[in-house]
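As stored in run-v6.cif (mmCIF, C-alpha atoms):
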data_start
loop_
_atom_site.group_PDB
_atom_site.id
_atom_site.type_symbol
_atom_site.label_atom_id
_atom_site.label_comp_id
_atom_site.auth_asym_id
_atom_site.auth_seq_id
_atom_site.Cartn_x
_atom_site.Cartn_y
_atom_site.Cartn_z
ATOM 1 C CA MET A 1 46.857 23.406 4.062
ATOM 2 C CA VAL A 2 50.652 23.885 3.913
ATOM 3 C CA GLU A 3 51.099 20.566 2.086
ATOM 4 C CA LYS A 4 48.399 21.546 -0.431
ATOM 5 C CA GLU A 5 50.007 24.969 -0.962
ATOM 6 C CA ASN A 6 53.404 23.368 -1.514
ATOM 7 C CA LYS A 7 52.063 20.886 -4.057
ATOM 8 C CA SER A 8 50.544 23.808 -5.880
ATOM 9 C CA LEU A 9 53.851 25.718 -5.760
ATOM 10 C CA SER A 10 55.753 22.662 -7.029
ATOM 11 C CA SER A 11 53.299 22.321 -9.905
ATOM 12 C CA VAL A 12 53.733 25.984 -10.823
ATOM 13 C CA TYR A 13 57.486 25.492 -11.069
ATOM 14 C CA GLN A 14 57.173 22.286 -13.065
ATOM 15 C CA GLU A 15 54.676 23.790 -15.495
ATOM 16 C CA LYS A 16 55.788 27.420 -15.746
ATOM 17 C CA PHE A 17 59.532 27.614 -15.128
ATOM 18 C CA GLN A 18 61.358 28.109 -18.412
ATOM 19 C CA PRO A 19 65.165 28.031 -18.126
ATOM 20 C CA ASP A 20 65.781 30.051 -21.293
ATOM 21 C CA TYR A 21 63.401 32.806 -20.185
ATOM 22 C CA TYR A 22 64.938 32.842 -16.714
ATOM 23 C CA ILE A 23 68.451 33.267 -18.123
ATOM 24 C CA ARG A 24 67.379 36.005 -20.545
ATOM 25 C CA ARG A 25 65.451 37.928 -17.880
ATOM 26 C CA TYR A 26 67.706 37.600 -14.856
ATOM 27 C CA TYR A 27 71.148 37.078 -16.438
ATOM 28 C CA SER A 28 71.113 39.494 -19.360
ATOM 29 C CA GLY A 29 74.236 41.214 -18.039
ATOM 30 C CA LEU A 30 76.508 41.460 -15.037
ATOM 31 C CA ASP A 31 75.085 43.797 -12.383
ATOM 32 C CA ALA A 32 75.827 44.816 -8.789
ATOM 33 C CA GLY A 33 73.837 41.891 -7.403
ATOM 34 C CA ASN A 34 75.787 39.306 -9.392
ATOM 35 C CA GLU A 35 79.051 40.981 -8.408
ATOM 36 C CA PHE A 36 77.959 40.937 -4.760
ATOM 37 C CA CYS A 37 77.394 37.176 -4.869
ATOM 38 C CA LEU A 38 80.488 36.319 -6.906
ATOM 39 C CA ARG A 39 82.787 38.575 -4.896
ATOM 40 C CA ASN A 40 81.667 37.122 -1.570
ATOM 41 C CA LEU A 41 81.977 33.574 -2.862
ATOM 42 C CA HIS A 42 85.479 34.358 -4.119
ATOM 43 C CA GLN A 43 86.466 35.754 -0.722
ATOM 44 C CA PHE A 44 85.100 32.721 1.110
ATOM 45 C CA PHE A 45 86.936 30.194 -1.054
ATOM 46 C CA LYS A 46 90.125 32.264 -1.113
ATOM 47 C CA GLN A 47 90.180 32.074 2.680
ATOM 48 C CA ALA A 48 89.282 28.378 2.538
ATOM 49 C CA GLU A 49 92.172 27.790 0.127
ATOM 50 C CA SER A 50 94.605 29.390 2.586
ATOM 51 C CA ASN A 51 93.439 26.897 5.249
ATOM 52 C CA LYS A 52 93.417 23.900 2.898
ATOM 53 C CA ASN A 53 96.947 22.693 3.530
ATOM 54 C CA THR A 54 96.221 22.211 7.216
ATOM 55 C CA GLU A 55 92.861 20.496 6.777
ATOM 56 C CA GLY A 56 93.775 17.203 5.121
ATOM 57 C CA ALA A 57 91.551 15.363 2.635
ATOM 58 C CA ALA A 58 89.968 16.760 -0.528
ATOM 59 C CA LYS A 59 86.857 18.809 0.093
ATOM 60 C CA LYS A 60 83.352 18.274 -1.271
ATOM 61 C CA VAL A 61 80.947 21.005 -2.358
ATOM 62 C CA LEU A 62 77.219 20.778 -3.074
ATOM 63 C CA GLU A 63 75.117 23.424 -4.772
ATOM 64 C CA VAL A 64 71.429 23.146 -3.860
ATOM 65 C CA GLY A 65 69.093 24.669 -6.428
ATOM 66 C CA SER A 66 71.617 25.279 -9.203
ATOM 67 C CA GLY A 67 68.866 26.091 -11.684
ATOM 68 C CA PRO A 68 70.211 26.532 -15.233
ATOM 69 C CA VAL A 69 73.015 28.787 -13.940
ATOM 70 C CA PRO A 70 76.640 27.550 -13.651
ATOM 71 C CA ILE A 71 78.356 30.681 -12.305
ATOM 72 C CA TYR A 72 78.060 30.255 -8.558
ATOM 73 C CA ILE A 73 80.402 27.279 -8.369
ATOM 74 C CA ILE A 74 83.258 28.951 -10.303
ATOM 75 C CA SER A 75 85.150 30.038 -7.193
ATOM 76 C CA ALA A 76 84.514 26.694 -5.501
ATOM 77 C CA SER A 77 86.221 24.980 -8.448
ATOM 78 C CA GLN A 78 89.465 26.745 -7.566
ATOM 79 C CA TRP A 79 89.281 25.132 -4.122
ATOM 80 C CA THR A 80 88.165 21.610 -5.078
ATOM 81 C CA ASP A 81 87.478 19.381 -8.066
ATOM 82 C CA TRP A 82 84.652 17.586 -6.233
ATOM 83 C CA ILE A 83 81.423 19.512 -6.827
ATOM 84 C CA VAL A 84 77.863 18.198 -7.059
ATOM 85 C CA CYS A 85 75.116 20.400 -8.519
ATOM 86 C CA SER A 86 71.411 19.767 -8.025
ATOM 87 C CA ASP A 87 67.964 21.077 -8.871
ATOM 88 C CA PHE A 88 64.313 20.201 -8.345
ATOM 89 C CA LEU A 89 63.317 20.749 -11.984
ATOM 90 C CA GLU A 90 64.195 18.328 -14.771
ATOM 91 C CA GLN A 91 64.235 21.184 -17.303
ATOM 92 C CA ASN A 92 66.888 23.009 -15.272
ATOM 93 C CA ARG A 93 69.028 19.904 -14.933
ATOM 94 C CA HIS A 94 68.716 19.386 -18.693
ATOM 95 C CA LYS A 95 69.809 22.973 -19.396
ATOM 96 C CA PHE A 96 72.732 22.679 -16.987
ATOM 97 C CA ASN A 97 73.820 19.401 -18.564
ATOM 98 C CA GLU A 98 73.587 21.062 -21.965
ATOM 99 C CA TRP A 99 76.052 23.715 -20.831
ATOM 100 C CA LEU A 100 78.258 21.049 -19.284
ATOM 101 C CA SER A 101 78.495 18.944 -22.436
ATOM 102 C CA THR A 102 78.592 21.664 -25.111
ATOM 103 C CA GLY A 103 81.824 23.355 -24.049
ATOM 104 C CA ARG A 104 82.891 26.824 -25.117
ATOM 105 C CA LYS A 105 80.041 27.227 -27.584
ATOM 106 C CA ALA A 106 77.687 27.447 -24.592
ATOM 107 C CA ASP A 107 79.792 29.968 -22.667
ATOM 108 C CA GLU A 108 78.818 33.259 -24.311
ATOM 109 C CA THR A 109 76.083 34.131 -21.809
ATOM 110 C CA TRP A 110 78.343 33.414 -18.860
ATOM 111 C CA LEU A 111 81.563 35.083 -20.026
ATOM 112 C CA PRO A 112 80.937 38.461 -18.279
ATOM 113 C CA TYR A 113 80.432 36.649 -14.979
ATOM 114 C CA ALA A 114 83.435 34.384 -15.517
ATOM 115 C CA ARG A 115 85.567 37.367 -16.515
ATOM 116 C CA TYR A 116 84.607 39.114 -13.269
ATOM 117 C CA VAL A 117 85.692 36.086 -11.218
ATOM 118 C CA ALA A 118 88.877 35.708 -13.263
ATOM 119 C CA HIS A 119 89.784 39.331 -12.460
ATOM 120 C CA LEU A 120 89.193 38.655 -8.774
ATOM 121 C CA GLU A 121 91.641 35.756 -9.036
ATOM 122 C CA SER A 122 94.248 37.637 -11.088
ATOM 123 C CA GLU A 123 94.694 41.268 -12.142
ATOM 124 C CA ASN A 124 96.136 40.002 -15.431
ATOM 125 C CA ALA A 125 92.994 38.077 -16.405
ATOM 126 C CA ASP A 126 91.774 38.428 -19.994
ATOM 127 C CA GLN A 127 89.047 36.924 -22.213
ATOM 128 C CA GLU A 128 90.855 33.599 -22.360
ATOM 129 C CA SER A 129 90.971 33.568 -18.543
ATOM 130 C CA ALA A 130 87.174 33.711 -18.503
ATOM 131 C CA PHE A 131 86.952 30.607 -20.693
ATOM 132 C CA LEU A 132 89.523 28.871 -18.519
ATOM 133 C CA VAL A 133 87.662 29.397 -15.236
ATOM 134 C CA LEU A 134 84.486 28.043 -16.862
ATOM 135 C CA GLU A 135 86.404 25.020 -18.120
ATOM 136 C CA ARG A 136 87.786 24.530 -14.612
ATOM 137 C CA ALA A 137 84.252 24.618 -13.237
ATOM 138 C CA ARG A 138 83.113 22.011 -15.797
ATOM 139 C CA ARG A 139 85.943 19.654 -14.855
ATOM 140 C CA SER A 140 85.049 19.955 -11.178
ATOM 141 C CA ILE A 141 81.412 18.892 -11.489
ATOM 142 C CA ARG A 142 80.939 15.231 -10.609
ATOM 143 C CA SER A 143 77.173 15.044 -11.185
ATOM 144 C CA ILE A 144 73.921 16.992 -11.472
ATOM 145 C CA LEU A 145 71.315 15.422 -9.225
ATOM 146 C CA PRO A 146 67.595 15.807 -8.570
ATOM 147 C CA CYS A 147 66.880 17.464 -5.258
ATOM 148 C CA ASP A 148 63.890 18.402 -3.121
ATOM 149 C CA VAL A 149 64.695 20.508 -0.059
ATOM 150 C CA LEU A 150 61.343 19.648 1.526
ATOM 151 C CA GLN A 151 62.458 16.021 1.909
ATOM 152 C CA SER A 152 64.486 14.897 4.925
ATOM 153 C CA ASP A 153 67.135 13.755 2.434
ATOM 154 C CA PRO A 154 67.134 16.526 -0.178
ATOM 155 C CA LEU A 155 69.265 14.469 -2.581
ATOM 156 C CA LEU A 156 66.745 11.619 -2.469
ATOM 157 C CA GLY A 157 69.299 8.911 -1.715
ATOM 158 C CA LYS A 158 71.464 9.791 -4.724
ATOM 159 C CA ALA A 159 74.530 10.777 -2.662
ATOM 160 C CA ASP A 160 76.173 8.757 0.082
ATOM 161 C CA THR A 161 78.447 11.464 1.422
ATOM 162 C CA LEU A 162 78.364 14.586 3.555
ATOM 163 C CA PHE A 163 79.659 17.871 2.195
ATOM 164 C CA ASP A 164 82.150 20.399 3.502
ATOM 165 C CA VAL A 165 80.418 23.355 1.849
ATOM 166 C CA ILE A 166 76.865 23.773 0.570
ATOM 167 C CA ILE A 167 75.925 26.732 -1.640
ATOM 168 C CA SER A 168 72.337 27.843 -2.245
ATOM 169 C CA VAL A 169 71.383 30.971 -4.200
ATOM 170 C CA PHE A 170 67.774 32.248 -4.264
ATOM 171 C CA CYS A 171 66.470 28.760 -3.628
ATOM 172 C CA LEU A 172 65.260 27.884 -0.143
ATOM 173 C CA GLU A 173 62.918 30.843 0.338
ATOM 174 C CA CYS A 174 61.394 30.109 -3.073
ATOM 175 C CA ALA A 175 60.791 26.428 -2.308
ATOM 176 C CA ALA A 176 58.934 27.044 0.959
ATOM 177 C CA SER A 177 55.346 28.250 1.276
ATOM 178 C CA SER A 178 55.565 29.286 4.945
ATOM 179 C CA ALA A 179 58.055 30.289 7.624
ATOM 180 C CA GLU A 180 57.770 26.821 9.140
ATOM 181 C CA GLU A 181 58.547 25.153 5.822
ATOM 182 C CA TYR A 182 61.553 27.442 5.418
ATOM 183 C CA ARG A 183 62.801 26.247 8.791
ATOM 184 C CA ILE A 184 62.344 22.659 7.601
ATOM 185 C CA THR A 185 64.306 23.276 4.376
ATOM 186 C CA ILE A 186 67.236 24.683 6.354
ATOM 187 C CA THR A 187 67.229 21.667 8.678
ATOM 188 C CA ASN A 188 67.042 19.239 5.749
ATOM 189 C CA VAL A 189 69.904 20.883 3.855
ATOM 190 C CA ALA A 190 72.057 21.166 6.991
ATOM 191 C CA ARG A 191 71.819 17.377 7.417
ATOM 192 C CA LEU A 192 74.019 17.087 4.321
ATOM 193 C CA LEU A 193 76.826 19.098 5.956
ATOM 194 C CA GLN A 194 79.848 17.697 7.729
ATOM 195 C CA PRO A 195 80.237 18.885 11.327
ATOM 196 C CA SER A 196 82.106 22.228 11.106
ATOM 197 C CA GLY A 197 81.026 22.460 7.444
ATOM 198 C CA HIS A 198 79.705 25.698 5.979
ATOM 199 C CA LEU A 199 76.322 26.550 4.499
ATOM 200 C CA ILE A 200 76.482 29.544 2.142
ATOM 201 C CA MET A 201 73.162 31.150 1.286
ATOM 202 C CA MET A 202 72.329 34.133 -0.906
ATOM 203 C CA GLY A 203 68.844 35.483 -1.416
ATOM 204 C CA GLY A 204 66.440 38.385 -0.956
ATOM 205 C CA LEU A 205 65.150 39.946 2.258
ATOM 206 C CA GLU A 206 61.513 40.977 2.707
ATOM 207 C CA GLY A 207 60.460 40.005 -0.787
ATOM 208 C CA GLU A 208 57.177 38.277 -1.607
ATOM 209 C CA TYR A 209 57.351 37.462 -5.323
ATOM 210 C CA TYR A 210 59.254 37.281 -8.584
ATOM 211 C CA PHE A 211 58.076 36.668 -12.133
ATOM 212 C CA ILE A 212 58.625 33.847 -14.605
ATOM 213 C CA CYS A 213 57.116 34.906 -17.936
ATOM 214 C CA ASP A 214 53.718 36.303 -16.973
ATOM 215 C CA ARG A 215 53.377 34.227 -13.797
ATOM 216 C CA LYS A 216 53.879 35.850 -10.400
ATOM 217 C CA ILE A 217 55.735 33.307 -8.249
ATOM 218 C CA PRO A 218 55.237 33.673 -4.483
ATOM 219 C CA ARG A 219 58.085 33.492 -1.990
ATOM 220 C CA ILE A 220 58.156 33.857 1.766
ATOM 221 C CA LYS A 221 59.049 37.216 3.281
ATOM 222 C CA LEU A 222 62.461 36.531 4.803
ATOM 223 C CA THR A 223 64.049 38.525 7.610
ATOM 224 C CA ARG A 224 67.496 38.251 9.184
ATOM 225 C CA GLU A 225 65.849 37.042 12.381
ATOM 226 C CA MET A 226 64.017 34.216 10.562
ATOM 227 C CA ILE A 227 67.228 33.057 8.921
ATOM 228 C CA ASP A 228 69.198 33.225 12.161
ATOM 229 C CA SER A 229 66.523 31.272 14.056
ATOM 230 C CA ALA A 230 66.192 28.589 11.358
ATOM 231 C CA LEU A 231 69.964 28.103 11.234
ATOM 232 C CA GLU A 232 70.187 27.870 15.019
ATOM 233 C CA ASP A 233 67.478 25.193 15.040
ATOM 234 C CA ALA A 234 69.466 23.301 12.376
ATOM 235 C CA GLY A 235 72.616 23.340 14.514
ATOM 236 C CA CYS A 236 74.381 26.132 12.635
ATOM 237 C CA ARG A 237 75.515 29.638 13.534
ATOM 238 C CA ILE A 238 76.096 32.628 11.284
ATOM 239 C CA VAL A 239 79.763 33.593 10.897
ATOM 240 C CA THR A 240 79.445 36.031 7.967
ATOM 241 C CA TRP A 241 76.574 38.325 6.994
ATOM 242 C CA GLU A 242 76.552 40.935 4.208
ATOM 243 C CA GLU A 243 73.723 42.911 2.587
ATOM 244 C CA LEU A 244 73.268 44.791 -0.693
ATOM 245 C CA PRO A 245 70.339 47.239 -1.101
ATOM 246 C CA ARG A 246 67.846 46.395 -3.865
ATOM 247 C CA SER A 247 68.306 49.934 -5.221
ATOM 248 C CA LEU A 248 71.756 48.988 -6.517
ATOM 249 C CA ARG A 249 70.329 46.392 -8.919
ATOM 250 C CA PRO A 250 68.624 47.160 -12.271
ATOM 251 C CA PRO A 251 65.178 48.687 -11.557
ATOM 252 C CA ASP A 252 63.434 46.615 -14.243
ATOM 253 C CA LEU A 253 64.144 43.248 -12.606
ATOM 254 C CA PRO A 254 60.688 41.862 -11.677
ATOM 255 C CA ILE A 255 61.490 41.159 -8.026
ATOM 256 C CA ASP A 256 60.412 43.018 -4.888
ATOM 257 C CA TYR A 257 62.937 42.261 -2.147
ATOM 258 C CA LYS A 258 64.443 45.109 -0.099
ATOM 259 C CA ALA A 259 68.018 43.809 -0.046
ATOM 260 C CA MET A 260 70.156 40.864 -1.079
ATOM 261 C CA PHE A 261 71.974 38.939 1.618
ATOM 262 C CA PHE A 262 75.089 36.789 1.687
ATOM 263 C CA CYS A 263 75.275 34.474 4.672
ATOM 264 C CA VAL A 264 77.836 31.902 5.775
ATOM 265 C CA ALA A 265 76.783 29.610 8.610
ATOM 266 C CA LYS A 266 78.986 27.021 10.272
ATOM 267 C CA LYS A 267 77.588 23.717 11.459
ATOM 268 C CA LYS A 268 78.348 23.014 15.084
ATOM 269 C CA LEU A 269 80.414 20.018 16.113
ATOM 270 C CA LEU A 270 78.479 17.000 17.311
ATOM 271 C CA MET A 271 78.497 16.704 21.077
#

Turn the structure described in the file into structure tokens.
Amino acid sequence: MVEKENKSLSSVYQEKFQPDYYIRRYYSGLDAGNEFCLRNLHQFFKQAESNKNTEGAAKKVLEVGSGPVPIYIISASQWTDWIVCSDFLEQNRHKFNEWLSTGRKADETWLPYARYVAHLESENADQESAFLVLERARRSIRSILPCDVLQSDPLLGKADTLFDVIISVFCLECAASSAEEYRITITNVARLLQPSGHLIMMGGLEGEYYFICDRKIPRIKLTREMIDSALEDAGCRIVTWEELPRSLRPPDLPIDYKAMFFCVAKKKLLM
């Protein structure tokens, strides 16, 4: 039954997910939820940058479920120029590649988000700074790969490396059709982490749906305890946890979660 439900969910995404609609509906302007994610990512990579000189080789970052949205790897691009993005849907990878290859002409939608990150990096940031951090992000991206978090190798054999940091924003709980499948996605993604690497997840707590066009897309009802348990089973432990109440985001967003979460989990050393 779970396999049948997941095939149905995959088909819904493949048939109904429209990148342009998604961007218009969910990224029409910078709000408290976007700031929450971008600020916490900035703080993580700022701390990582301070430790970089003592940690040796260049670091590798993977974003799982990038969608058509390039903003969540901006802060990572200050820390490393070795970033891989990935998504399940061909139409999202196409849209992301379009942004990647078009240059500044494709940046208008993302400038408010980039400007926010630029101000976090420097109080003297201006409009040009926003373009520059987006250009830095472009230069850092090595590839945009297909991925399927329900597979034991989510990158489907397309990458022969482990990653120091993995970022996933509103992805894993949307790909799974049950609590058990969510546990599996966490385990699969954690396999791509180096020992002592970090998995950064952002998403919604206790939500059951969101909308794409007129289609109600189901998602599992996540709790902190479910996330903690799944990470523990995958050999990771939570080192940072932050929440933002849903009430602080625009009321017209067609989502029903109670709060956003930002979670950093560290993979345990192999024994």

Selection under test: the PyMOL selection byres ((chain A and resi 242) around 12); residues as an MDAnalysis selection string
chainID A and resid 33 36:37 39:41 200:205 224 238:241 243:245 259:264

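If you look at atom CA of Ala137 of chain A and atom CA of Val189 of chain A, they are 22.6 Å away from each other.
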
What does the distance from atom CA of Ser8 of chain A to atom CA of Asp20 of chain A come to in Å, to one decimal?
22.6 Å

Taking (88.2, 24.2, -7.3) in the coordinates of the supplied file, I want to know which residues reach to within 10 Å of it, counting all atoms listed in the file; could you give the answer as a tab-separated table (two decimals) with C-alpha atoms, in the coordinates of the input?
chain	number	residue	atom	x	y	z
A	45	PHE	CA	86.94	30.19	-1.05
A	49	GLU	CA	92.17	27.79	0.13
A	59	LYS	CA	86.86	18.81	0.09
A	60	LYS	CA	83.35	18.27	-1.27
A	61	VAL	CA	80.95	21.00	-2.36
A	73	ILE	CA	80.40	27.28	-8.37
A	74	ILE	CA	83.26	28.95	-10.30
A	75	SER	CA	85.15	30.04	-7.19
A	76	ALA	CA	84.51	26.69	-5.50
A	77	SER	CA	86.22	24.98	-8.45
A	78	GLN	CA	89.46	26.74	-7.57
A	79	TRP	CA	89.28	25.13	-4.12
A	80	THR	CA	88.16	21.61	-5.08
A	81	ASP	CA	87.48	19.38	-8.07
A	82	TRP	CA	84.65	17.59	-6.23
A	83	ILE	CA	81.42	19.51	-6.83
A	133	VAL	CA	87.66	29.40	-15.24
A	136	ARG	CA	87.79	24.53	-14.61
A	137	ALA	CA	84.25	24.62	-13.24
A	139	ARG	CA	85.94	19.65	-14.86
A	140	SER	CA	85.05	19.95	-11.18
A	141	ILE	CA	81.41	18.89	-11.49

Atom-to-atom span, atom CA of Val169 of chain A and atom CA of Leu38 of chain A, Å:
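About the pair atom CA of Val169 of chain A and atom CA of Leu38 of chain A: they are 10.9 Å apart.
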
Any chance you could work out the axis-aligned box around segment 137-149 of chain A, listed atoms only, 8 Å on each side, giving centre and edge lengths in Å to one decimal, as JSON?
{"center_x": 74.9, "center_y": 19.8, "center_z": -7.9, "size_x": 38.1, "size_y": 25.6, "size_z": 31.7}

Sel. within 12 Å of pt (72.4, 41.2, -12.7), counting all atoms listed in the file, output as a ChimeraX atom specification
/A:22-38,110,112-113,246,248-255,260

Under the PyMOL selection byres ((chain A and resi 19) around 8), which residues of this model are included? Write them out as a list in words.
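So the PyMOL selection byres ((chain A and resi 19) around 8), applied here, picks out Phe17, Gln18, Asp20, Tyr21, Tyr22, Ile23, Gly67, Pro68, Gln91, Asn92 and Lys95 of chain A.
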
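For Leu150 of chain A, the list of residues within 7 Å, based on only C-alpha atoms and with local chain neighbours fewer than 2 positions off taken out, reads Asp148, Ser152, Pro154, Ile184 and Thr185 of chain A.
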
Which neighbours of Ile227 of chain A fall inside 9 Å, counting all atoms listed in the file, when residues of the same chain fewer than 6 positions from it are skipped, and could you give them as a PyMOL selection string?
chain A and resi 182-183+186

Quick one: everything within 12 Å of Tyr13 of chain A, counting only C-alpha atoms, minus sequence neighbours fewer than 2 positions away in the same chain. Send it as a ChimeraX atom specification.
/A:6-11,15-19,22,67,87-92,174-175,211-213,215-218

Take the residues from that selection and write them out as a compact mmCIF listing (two decimals), in the frame of the given file, keeping C-alpha atoms.
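Everything below was put into again_13.txt:
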# COMPACT_ATOMS: atom_id res chain seq x y z
CA ASN A 6 53.40 23.37 -1.51
CA LYS A 7 52.06 20.89 -4.06
CA SER A 8 50.54 23.81 -5.88
CA LEU A 9 53.85 25.72 -5.76
CA SER A 10 55.75 22.66 -7.03
CA SER A 11 53.30 22.32 -9.90
CA GLU A 15 54.68 23.79 -15.50
CA LYS A 16 55.79 27.42 -15.75
CA PHE A 17 59.53 27.61 -15.13
CA GLN A 18 61.36 28.11 -18.41
CA PRO A 19 65.17 28.03 -18.13
CA TYR A 22 64.94 32.84 -16.71
CA GLY A 67 68.87 26.09 -11.68
CA ASP A 87 67.96 21.08 -8.87
CA PHE A 88 64.31 20.20 -8.35
CA LEU A 89 63.32 20.75 -11.98
CA GLU A 90 64.19 18.33 -14.77
CA GLN A 91 64.24 21.18 -17.30
CA ASN A 92 66.89 23.01 -15.27
CA CYS A 174 61.39 30.11 -3.07
CA ALA A 175 60.79 26.43 -2.31
CA PHE A 211 58.08 36.67 -12.13
CA ILE A 212 58.62 33.85 -14.60
CA CYS A 213 57.12 34.91 -17.94
CA ARG A 215 53.38 34.23 -13.80
CA LYS A 216 53.88 35.85 -10.40
CA ILE A 217 55.74 33.31 -8.25
CA PRO A 218 55.24 33.67 -4.48

Run the PyMOL selection byres ((chain A and resi 165) around 8) on the file and write out the hits as a ChimeraX atom specification.
/A:60-62,163-164,166-167,193,197-200

Please provide the set of residues having any atom within 9 Å of Cys85 of chain A, restricted to all atoms listed in the file, with same-chain residues fewer than 5 positions apart removed, written as an NGL selection string.
:A and (61-66 or 70 or 73 or 93 or 141-146)

Take the residues from that selection and write them out as a PDB file, in the frame of the given file, keeping C-alpha atoms.
ATOM      1  CA  VAL A  61      80.947  21.005  -2.358  1.00  0.00           C
ATOM      2  CA  LEU A  62      77.219  20.778  -3.074  1.00  0.00           C
ATOM      3  CA  GLU A  63      75.117  23.424  -4.772  1.00  0.00           C
ATOM      4  CA  VAL A  64      71.429  23.146  -3.860  1.00  0.00           C
ATOM      5  CA  GLY A  65      69.093  24.669  -6.428  1.00  0.00           C
ATOM      6  CA  SER A  66      71.617  25.279  -9.203  1.00  0.00           C
ATOM      7  CA  PRO A  70      76.640  27.550 -13.651  1.00  0.00           C
ATOM      8  CA  ILE A  73      80.402  27.279  -8.369  1.00  0.00           C
ATOM      9  CA  ARG A  93      69.028  19.904 -14.933  1.00  0.00           C
ATOM     10  CA  ILE A 141      81.412  18.892 -11.489  1.00  0.00           C
ATOM     11  CA  ARG A 142      80.939  15.231 -10.609  1.00  0.00           C
ATOM     12  CA  SER A 143      77.173  15.044 -11.185  1.00  0.00           C
ATOM     13  CA  ILE A 144      73.921  16.992 -11.472  1.00  0.00           C
ATOM     14  CA  LEU A 145      71.315  15.422  -9.225  1.00  0.00           C
ATOM     15  CA  PRO A 146      67.595  15.807  -8.570  1.00  0.00           C
TER      16      PRO A 146
END

Proximity to Gln194 of chain A - best of A:Arg104, A:His94, A:Lys268, A:Arg237, all atoms listed in the file
A:Lys268

Return the single residue from A:Ala48, A:Ser247, A:Ala230, A:Thr161 that is closest to Glu181 of chain A, with distances computed using all atoms listed in the file.
A:Ala230

Taking into account all atoms listed in the file, which residue in the set A:Ala58, A:Ala265, A:Ala179, A:Ser168 is nearest to Glu232 of chain A?
A:Ala265

Counting only C-alpha atoms, which of A:Asp214, A:Asp153, A:Glu206, A:Glu180 gets nearest to Leu192 of chain A?
A:Asp153

Set the distance at 12 Å and use only C-alpha atoms: which residues neighbour Asp126 of chain A once local chain neighbours fewer than 3 positions away are removed? I'd like the list as a ChimeraX atom specification.
/A:111-112,114-123,129-133
